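What follows is one structure encoded as structure tokens, with my remarks underneath.
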Amino acid sequence: MTLPAHPFGTEITTDTIVAQMQSAQGWEDRYRQVIQLGKKLPALPEEYKQAELLVSGCESQVWLAHEQCGDVFHFAADSDARIVRGLITLVLAAYEGKDAAAIRAFDIDGYFDRLGLMAHLSPSRGNGLKAIVEQIKQLAAN
């Protein structure tokens with residue numbers, strides 16, 4: 001199976017997302033932008049929505065699929081919740097198309113701080129976002 005292509009990590013990068021979020025007028029505007037980013041995420045085909053691809057630690061259902069081409073990792077993900085789909089795009093922008101060393105080296109906490117989102121997420125959403133990041137880091141560590 002080949003993962004569906006998406007613009008995150010290529011056309012939509014962490015820098016473009018940070019710039020977008022920093023120009024937002026308050027939390028509600030950031031929230032809307034996250035939802036808009038989620039709309040750009042292609043739906044994950046049904047064959048990838050398997051129990052073994054579910055991310056544990058997420059309140060909503062989140063599926064994370066990956067494939068490795070040489071040293072480079074490619075990720076596709078989906079969720080049953082609109083805001084979570086948007087949050088997934090933030091993570092994919094950081095890790096898509098990177099090798100294991102770049103995944104390990106990326107300062108995800110600094111990135112989230114620059115986005116100004118974590119303080120506004122519920123604890124369960126924040127934990128779910130961290131669970132997605134941890135799963136990607138584990139895949140890159142193997």
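In the structure tokens, chains take the letters A, B, ... in the order shown, each chain's residues start at 1, and ligands count up from 1 in the order shown.
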
| message | Can you pull out the residues contacting Lys130 in chain A? Cut-off 10 Å, using only C-alpha atoms, and skip same-chain residues under 4 positions away; I want them as an MDAnalysis selection string. | response | chainID A and resid 57:58 91 108:109 124:126 134:136

Store the residues picked out above, limited to N, CA, C and O atoms, as a PDB file, in the first residue's frame.
ATOM      1  N   GLY A  57      -3.667   6.852  23.819  1.00  0.00           N
ATOM      2  CA  GLY A  57      -3.464   8.091  24.555  1.00  0.00           C
ATOM      3  C   GLY A  57      -4.243   9.249  23.981  1.00  0.00           C
ATOM      4  O   GLY A  57      -4.187  10.360  24.497  1.00  0.00           O
ATOM      5  N   CYS A  58      -4.968   9.006  22.894  1.00  0.00           N
ATOM      6  CA  CYS A  58      -5.799  10.050  22.288  1.00  0.00           C
ATOM      7  C   CYS A  58      -7.250   9.817  22.667  1.00  0.00           C
ATOM      8  O   CYS A  58      -7.728   8.688  22.617  1.00  0.00           O
ATOM      9  N   VAL A  91       1.737  18.380  13.419  1.00  0.00           N
ATOM     10  CA  VAL A  91       2.758  17.362  13.650  1.00  0.00           C
ATOM     11  C   VAL A  91       3.341  16.873  12.317  1.00  0.00           C
ATOM     12  O   VAL A  91       4.560  16.733  12.174  1.00  0.00           O
ATOM     13  N   ILE A 108      10.189  19.902  19.092  1.00  0.00           N
ATOM     14  CA  ILE A 108       8.731  19.936  18.996  1.00  0.00           C
ATOM     15  C   ILE A 108       8.119  20.837  20.074  1.00  0.00           C
ATOM     16  O   ILE A 108       7.149  21.540  19.818  1.00  0.00           O
ATOM     17  N   ASP A 109       8.706  20.845  21.278  1.00  0.00           N
ATOM     18  CA  ASP A 109       8.168  21.697  22.346  1.00  0.00           C
ATOM     19  C   ASP A 109       8.332  23.173  21.985  1.00  0.00           C
ATOM     20  O   ASP A 109       7.415  23.976  22.195  1.00  0.00           O
ATOM     21  N   SER A 124      -6.610  16.657  27.817  1.00  0.00           N
ATOM     22  CA  SER A 124      -6.700  15.418  27.039  1.00  0.00           C
ATOM     23  C   SER A 124      -6.235  15.643  25.596  1.00  0.00           C
ATOM     24  O   SER A 124      -5.573  14.788  25.011  1.00  0.00           O
ATOM     25  N   ARG A 125      -6.547  16.801  25.006  1.00  0.00           N
ATOM     26  CA  ARG A 125      -6.084  17.102  23.639  1.00  0.00           C
ATOM     27  C   ARG A 125      -4.566  17.273  23.620  1.00  0.00           C
ATOM     28  O   ARG A 125      -3.888  16.802  22.726  1.00  0.00           O
ATOM     29  N   GLY A 126      -4.046  17.985  24.616  1.00  0.00           N
ATOM     30  CA  GLY A 126      -2.588  18.169  24.712  1.00  0.00           C
ATOM     31  C   GLY A 126      -1.872  16.840  24.859  1.00  0.00           C
ATOM     32  O   GLY A 126      -0.853  16.595  24.206  1.00  0.00           O
ATOM     33  N   GLU A 134       5.059  11.161  20.243  1.00  0.00           N
ATOM     34  CA  GLU A 134       5.831  10.050  20.806  1.00  0.00           C
ATOM     35  C   GLU A 134       5.819   8.826  19.903  1.00  0.00           C
ATOM     36  O   GLU A 134       6.825   8.145  19.749  1.00  0.00           O
ATOM     37  N   GLN A 135       4.665   8.551  19.292  1.00  0.00           N
ATOM     38  CA  GLN A 135       4.584   7.403  18.397  1.00  0.00           C
ATOM     39  C   GLN A 135       5.501   7.605  17.181  1.00  0.00           C
ATOM     40  O   GLN A 135       6.189   6.687  16.759  1.00  0.00           O
ATOM     41  N   ILE A 136       5.543   8.806  16.642  1.00  0.00           N
ATOM     42  CA  ILE A 136       6.429   9.095  15.513  1.00  0.00           C
ATOM     43  C   ILE A 136       7.882   8.944  15.926  1.00  0.00           C
ATOM     44  O   ILE A 136       8.691   8.340  15.214  1.00  0.00           O
TER      45      ILE A 136
END

Item checked: Surrounding residues of Leu44 in chain A excluding itself and chain neighbours under 6 positions, 9 Å, only C-alpha atoms, as JSON, numbers by chain -> {"A": [3, 4, 63, 65, 76, 77, 78, 79]}

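With only C-alpha atoms as the atoms that count, the minimum distance from Val18 in chain A to the choices A:Asp80, A:Glu46, A:Asp99, A:Asp113 is reached by A:Asp113.
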
Practice item. Rank A:Leu129, A:Leu37, A:Leu115, A:Ala141 by their smallest atom-to-atom distance to Ala24 in chain A, using only C-alpha atoms, and report the top residue only. Key: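 Comparing A:Leu129, A:Leu37, A:Leu115, A:Ala141 against Ala24 in chain A, the winner is A:Leu115.
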
Of A:Leu87, A:Ala43, A:Ala5, A:Cys69, the one nearest to Ala131 in chain A when counting only C-alpha atoms is A:Leu87

(message) Show me, as a VMD selection string, the residues that have an atom within 12 Å of Met21 in chain A when counting only C-alpha atoms, minus same-chain residues fewer than 3 positions from it.
(response) chain A and resid 14 to 18 24 to 34 36 to 37 90 111 to 117

| field | All strand (DSSP E or B) positions in chain A, as a PyMOL selection string | value | chain A and resi 8+12+54+62-69+72-79+99

In Å and to one decimal, CA of Pro123 in chain A is distant from CA of Leu54 in chain A by 19.4 Å

Note to self: Residues within 7 Å of Ala81 in chain A, please, as a PyMOL selection string. Count only C-alpha atoms; anything in the same chain fewer than 3 positions from it doesn't count.
What the structure shows: chain A and resi 60+84-85

Next, dump the selected residues to file, keeping only C-alpha atoms, as a PDB file, in the first residue's frame.
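Resulting contents of out.pdb:
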ATOM      1  CA  SER A  60     -10.494  10.840  19.758  1.00  0.00           C
ATOM      2  CA  VAL A  84      -7.703  16.793  16.019  1.00  0.00           C
ATOM      3  CA  ARG A  85      -7.316  16.535  12.219  1.00  0.00           C
TER       4      ARG A  85
END

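Proximity to Ser122 in chain A was assessed for A:Thr2, A:Leu41, A:Ile83, A:Ala102 counting only C-alpha atoms; the smallest distance is recorded for A:Ile83.
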
| query | Which parts of chain A does DSSP call alpha helix (DSSP H) when run on the backbone here, written out as number ranges by chain? | reply | A: 14-22, 26-39, 82-95, 100-105, 108-115, 123-141
